[in-house]
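Read through the structure below, which is laid out as structure tokens, and then see the notes.
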Amino acid sequence: RKMCGMHYVCCGFCAVAQEARQLEALVHPEMLRIDYITMQPFAEYYPAIYEARHSDERPKSLWFNRLSVFSRWTVINTVICLILLFLWSLLSRGLNHKFGPKNYLVFLLTLLQAFILLALVYRKHTKDVSIDALIKFFAAGFCLSTTLGVFFELVLGLCVRMTMALLMAMSGIDVVVENGYSMSGPDSWTAGKEVNYGGVDYRSYLEAYGNDHPFVFTLYLFVTSFILAAMIEEITKYFGFRMVDHPDFRTREEIEEAMRYHEEDGVQQNVSSFPEQNRTFQS
């Protein structure tokens, strides 16, 4: 649905994906060269990016003016959120909550670390990727990849934790807690359930179980390190990269076809030929 100039999704993502596959079979490919959310055609903003990238002279327009609508609103909304969080931190004492100026400083330094790293990388690869693409990749990684990573780590982490609790409950481990009672023997099944729900120190059981079953404990460490953390994070990061469709990674033929289709609608651009667009999404 379209309301107030915005497109709203009123059905499930599976239905949206199915409609997208059907659209690819029904319409010309150049009609699909548009941004997500704003539906802005590539041909409206990419000529300015291409001209600034391959021009020998210094670009006459500011970097913000060469951004797409989506990237502009992303920058504006980010600045607004940072200002609101800063005001919220200043009012923390009066509102009796814990997010104070020190917490805001930690949050700001965390973002600043990522921004500095991106700036250093972009300085070396100005001709390879535009600021517009950089903003979209960062937004996809920060919002979508992080959310997916947290969700799948929670689900898989719960499965791993329940599996270890079951193994420890069946093995009859001997751990003495602070009250002096042993959590082994006939009550081991209850101990396993308490471990799973946080009633007993989970790490104490793992340490005792690891001493008695080093092979299983090593396998547990391997799963939590290389599958639960590393593999999920890398896969979600890769999906975040694939989710962004940007003209920086389209071939010359695809960009020029999109430009011709856009010019048929009566909109003329300063750049209509892209001879140096010798890149593909795979490269």
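If you're wondering about the labels, chains in the structure tokens are A, B, ... by order shown, residues count from 1 in each chain, ligands from 1 in order shown.
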
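Counting only C-alpha atoms, stretch 47-51 of chain A has the following residues at most 9 Å away, ignoring those fewer than 2 positions along the same chain: Phe42, Ala43, Glu44, Tyr45, Arg53, His54, Ser55, Pro59, Ser61, Trp63, Asn65, Arg66, Leu67, Ser130, Ile131, Asp132, Asp248, Gln269, Asn270, Val271, Ser272, Phe274 and Gln277 of chain A.
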
Can you write just those residues out, C-alpha atoms, as an mmCIF file, in the first residue's frame?
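So part.cif came out as:
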data_model
loop_
_atom_site.group_PDB
_atom_site.id
_atom_site.type_symbol
_atom_site.label_atom_id
_atom_site.label_comp_id
_atom_site.auth_asym_id
_atom_site.auth_seq_id
_atom_site.Cartn_x
_atom_site.Cartn_y
_atom_site.Cartn_z
ATOM 1 C CA PHE A 42 18.920 4.373 -10.075
ATOM 2 C CA ALA A 43 18.878 6.735 -13.044
ATOM 3 C CA GLU A 44 17.794 9.662 -10.853
ATOM 4 C CA TYR A 45 20.874 9.775 -8.638
ATOM 5 C CA ARG A 53 33.844 9.482 -9.477
ATOM 6 C CA HIS A 54 35.395 9.673 -12.946
ATOM 7 C CA SER A 55 35.843 13.430 -13.261
ATOM 8 C CA PRO A 59 33.109 17.745 -7.831
ATOM 9 C CA SER A 61 28.261 19.493 -5.703
ATOM 10 C CA TRP A 63 28.571 14.742 -1.247
ATOM 11 C CA ASN A 65 23.566 16.383 -2.715
ATOM 12 C CA ARG A 66 24.769 13.314 -4.641
ATOM 13 C CA LEU A 67 23.068 10.883 -2.289
ATOM 14 C CA SER A 130 30.427 5.576 -3.456
ATOM 15 C CA ILE A 131 29.393 7.198 -0.191
ATOM 16 C CA ASP A 132 25.800 6.394 -1.101
ATOM 17 C CA ASP A 248 27.871 0.717 -8.106
ATOM 18 C CA GLN A 269 20.329 13.497 -17.206
ATOM 19 C CA ASN A 270 23.747 15.066 -17.716
ATOM 20 C CA VAL A 271 25.337 11.630 -18.088
ATOM 21 C CA SER A 272 23.756 9.017 -20.358
ATOM 22 C CA PHE A 274 28.910 4.947 -18.727
ATOM 23 C CA GLN A 277 31.322 1.112 -15.647
#

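The residue that comes closest to A:Phe64, out of A:Leu118, A:Cys14, A:Ile135, A:Ala25 and on the basis of only C-alpha atoms, is A:Ile135.
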
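Across the model, the gap from atom CA of A:Thr146 to atom CA of A:Trp88 is 23.9 Å.
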
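In this model, the gap between atom CA of A:Tyr209 and atom CA of A:Met162 comes to 14.4 Å.
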
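Note that the spacing between atom CA of A:Ser89 and atom CA of A:Lys102 amounts to 8.3 Å.
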
Exercise. List every residue of stretch 25-213 of chain A that DSSP, applied to the backbone of this structure, places in helix (DSSP H, G or I), and write the result as number ranges by chain.
Key: A: 25-26, 29-32, 42-54, 64-66, 69-90, 92-95, 101-124, 131-171, 185-196, 202-212

Take the selection from the previous step and output its residues with C-alpha atoms, as a CSV table (one decimal), in the first residue's frame.
chain,number,residue,atom,x,y,z
A,25,ALA,CA,9.2,-12.4,-15.0
A,26,LEU,CA,6.5,-9.8,-16.0
A,29,PRO,CA,14.7,-5.7,-15.9
A,30,GLU,CA,15.5,-1.9,-16.2
A,31,MET,CA,12.2,-1.2,-14.4
A,32,LEU,CA,13.4,-3.0,-11.3
A,42,PHE,CA,18.9,4.4,-10.1
A,43,ALA,CA,18.9,6.7,-13.0
A,44,GLU,CA,17.8,9.7,-10.9
A,45,TYR,CA,20.9,9.8,-8.6
A,46,TYR,CA,23.6,7.6,-10.1
A,47,PRO,CA,24.7,9.9,-13.0
A,48,ALA,CA,25.9,12.5,-10.4
A,49,ILE,CA,27.8,9.8,-8.5
A,50,TYR,CA,29.4,8.4,-11.7
A,51,GLU,CA,30.3,11.9,-12.9
A,52,ALA,CA,32.0,12.8,-9.6
A,53,ARG,CA,33.8,9.5,-9.5
A,54,HIS,CA,35.4,9.7,-12.9
A,64,PHE,CA,25.2,15.1,0.5
A,65,ASN,CA,23.6,16.4,-2.7
A,66,ARG,CA,24.8,13.3,-4.6
A,69,VAL,CA,16.7,9.9,-1.1
A,70,PHE,CA,17.1,6.8,1.1
A,71,SER,CA,20.7,7.7,2.0
A,72,ARG,CA,19.8,11.3,2.7
A,73,TRP,CA,17.0,10.3,5.1
A,74,THR,CA,19.3,7.7,6.7
A,75,VAL,CA,21.9,10.4,7.5
A,76,ILE,CA,19.2,12.9,8.7
A,77,ASN,CA,17.4,10.3,10.9
A,78,THR,CA,20.8,9.2,12.4
A,79,VAL,CA,21.7,12.7,13.4
A,80,ILE,CA,18.2,13.3,14.8
A,81,CYS,CA,18.4,10.1,16.9
A,82,LEU,CA,21.9,11.0,18.2
A,83,ILE,CA,20.6,14.4,19.3
A,84,LEU,CA,17.5,12.9,21.0
A,85,LEU,CA,19.7,10.3,22.8
A,86,PHE,CA,22.0,13.1,24.0
A,87,LEU,CA,19.0,15.1,25.4
A,88,TRP,CA,17.7,11.9,27.0
A,89,SER,CA,21.1,11.3,28.7
A,90,LEU,CA,21.1,14.8,30.0
A,92,SER,CA,18.6,10.9,33.0
A,93,ARG,CA,18.8,12.2,36.6
A,94,GLY,CA,15.5,14.0,36.5
A,95,LEU,CA,13.7,11.1,34.8
A,101,PRO,CA,26.0,11.1,29.7
A,102,LYS,CA,28.6,8.4,30.4
A,103,ASN,CA,26.5,5.8,28.6
A,104,TYR,CA,25.9,8.2,25.7
A,105,LEU,CA,29.7,8.8,25.5
A,106,VAL,CA,30.3,5.0,25.3
A,107,PHE,CA,27.6,4.7,22.6
A,108,LEU,CA,29.0,7.6,20.6
A,109,LEU,CA,32.6,6.3,20.8
A,110,THR,CA,31.4,2.8,19.6
A,111,LEU,CA,29.8,4.5,16.5
A,112,LEU,CA,32.8,6.7,16.0
A,113,GLN,CA,35.1,3.7,15.9
A,114,ALA,CA,33.1,2.3,13.0
A,115,PHE,CA,32.8,5.6,11.2
A,116,ILE,CA,36.6,6.2,11.4
A,117,LEU,CA,37.3,2.7,10.1
A,118,LEU,CA,34.9,3.2,7.2
A,119,ALA,CA,36.4,6.6,6.4
A,120,LEU,CA,39.9,5.2,6.3
A,121,VAL,CA,38.7,2.3,4.0
A,122,TYR,CA,36.7,4.7,1.8
A,123,ARG,CA,39.7,7.0,1.4
A,124,LYS,CA,41.6,4.2,-0.3
A,131,ILE,CA,29.4,7.2,-0.2
A,132,ASP,CA,25.8,6.4,-1.1
A,133,ALA,CA,26.6,2.7,-1.3
A,134,LEU,CA,28.6,2.9,1.9
A,135,ILE,CA,25.7,4.4,3.8
A,136,LYS,CA,23.3,1.7,2.6
A,137,PHE,CA,25.7,-1.1,3.4
A,138,PHE,CA,26.2,0.3,6.9
A,139,ALA,CA,22.5,0.7,7.4
A,140,ALA,CA,21.8,-2.8,6.2
A,141,GLY,CA,24.5,-4.2,8.5
A,142,PHE,CA,23.5,-2.1,11.5
A,143,CYS,CA,19.8,-2.8,11.3
A,144,LEU,CA,19.2,-6.0,9.4
A,145,SER,CA,22.3,-8.1,9.8
A,146,THR,CA,22.6,-7.3,13.5
A,147,THR,CA,19.0,-8.2,14.1
A,148,LEU,CA,19.3,-11.4,12.2
A,149,GLY,CA,22.6,-12.3,14.0
A,150,VAL,CA,21.1,-11.7,17.4
A,151,PHE,CA,18.0,-13.7,16.6
A,152,PHE,CA,19.8,-16.8,15.2
A,153,GLU,CA,22.4,-16.7,18.0
A,154,LEU,CA,19.7,-16.7,20.6
A,155,VAL,CA,17.8,-19.6,19.0
A,156,LEU,CA,20.9,-21.7,18.4
A,157,GLY,CA,22.4,-20.7,21.8
A,158,LEU,CA,19.2,-21.9,23.5
A,159,CYS,CA,19.5,-25.2,21.7
A,160,VAL,CA,23.1,-25.6,22.6
A,161,ARG,CA,22.4,-24.7,26.2
A,162,MET,CA,19.5,-27.2,26.5
A,163,THR,CA,21.7,-29.9,24.9
A,164,MET,CA,24.5,-29.3,27.4
A,165,ALA,CA,22.0,-29.2,30.3
A,166,LEU,CA,20.5,-32.5,29.2
A,167,LEU,CA,24.0,-34.1,29.0
A,168,MET,CA,25.0,-32.8,32.4
A,169,ALA,CA,21.8,-34.0,33.9
A,170,MET,CA,22.4,-37.4,32.5
A,171,SER,CA,26.0,-37.6,33.5
A,185,GLY,CA,23.1,-38.2,42.2
A,186,PRO,CA,19.3,-38.7,42.0
A,187,ASP,CA,18.7,-34.9,41.8
A,188,SER,CA,20.9,-34.5,38.8
A,189,TRP,CA,17.9,-34.1,36.4
A,190,THR,CA,16.5,-31.2,38.5
A,191,ALA,CA,20.0,-29.7,38.5
A,192,GLY,CA,20.1,-29.8,34.7
A,193,LYS,CA,16.7,-28.1,34.5
A,194,GLU,CA,17.9,-25.4,36.9
A,195,VAL,CA,21.1,-24.9,34.9
A,196,ASN,CA,18.9,-24.3,31.8
A,202,TYR,CA,25.9,-22.5,34.6
A,203,ARG,CA,29.6,-22.0,34.4
A,204,SER,CA,30.3,-24.0,37.5
A,205,TYR,CA,28.5,-27.0,36.0
A,206,LEU,CA,30.4,-26.5,32.7
A,207,GLU,CA,33.7,-26.5,34.5
A,208,ALA,CA,32.9,-29.6,36.4
A,209,TYR,CA,31.5,-31.4,33.3
A,210,GLY,CA,34.6,-30.4,31.3
A,211,ASN,CA,36.9,-32.0,33.8
A,212,ASP,CA,35.0,-35.3,33.6
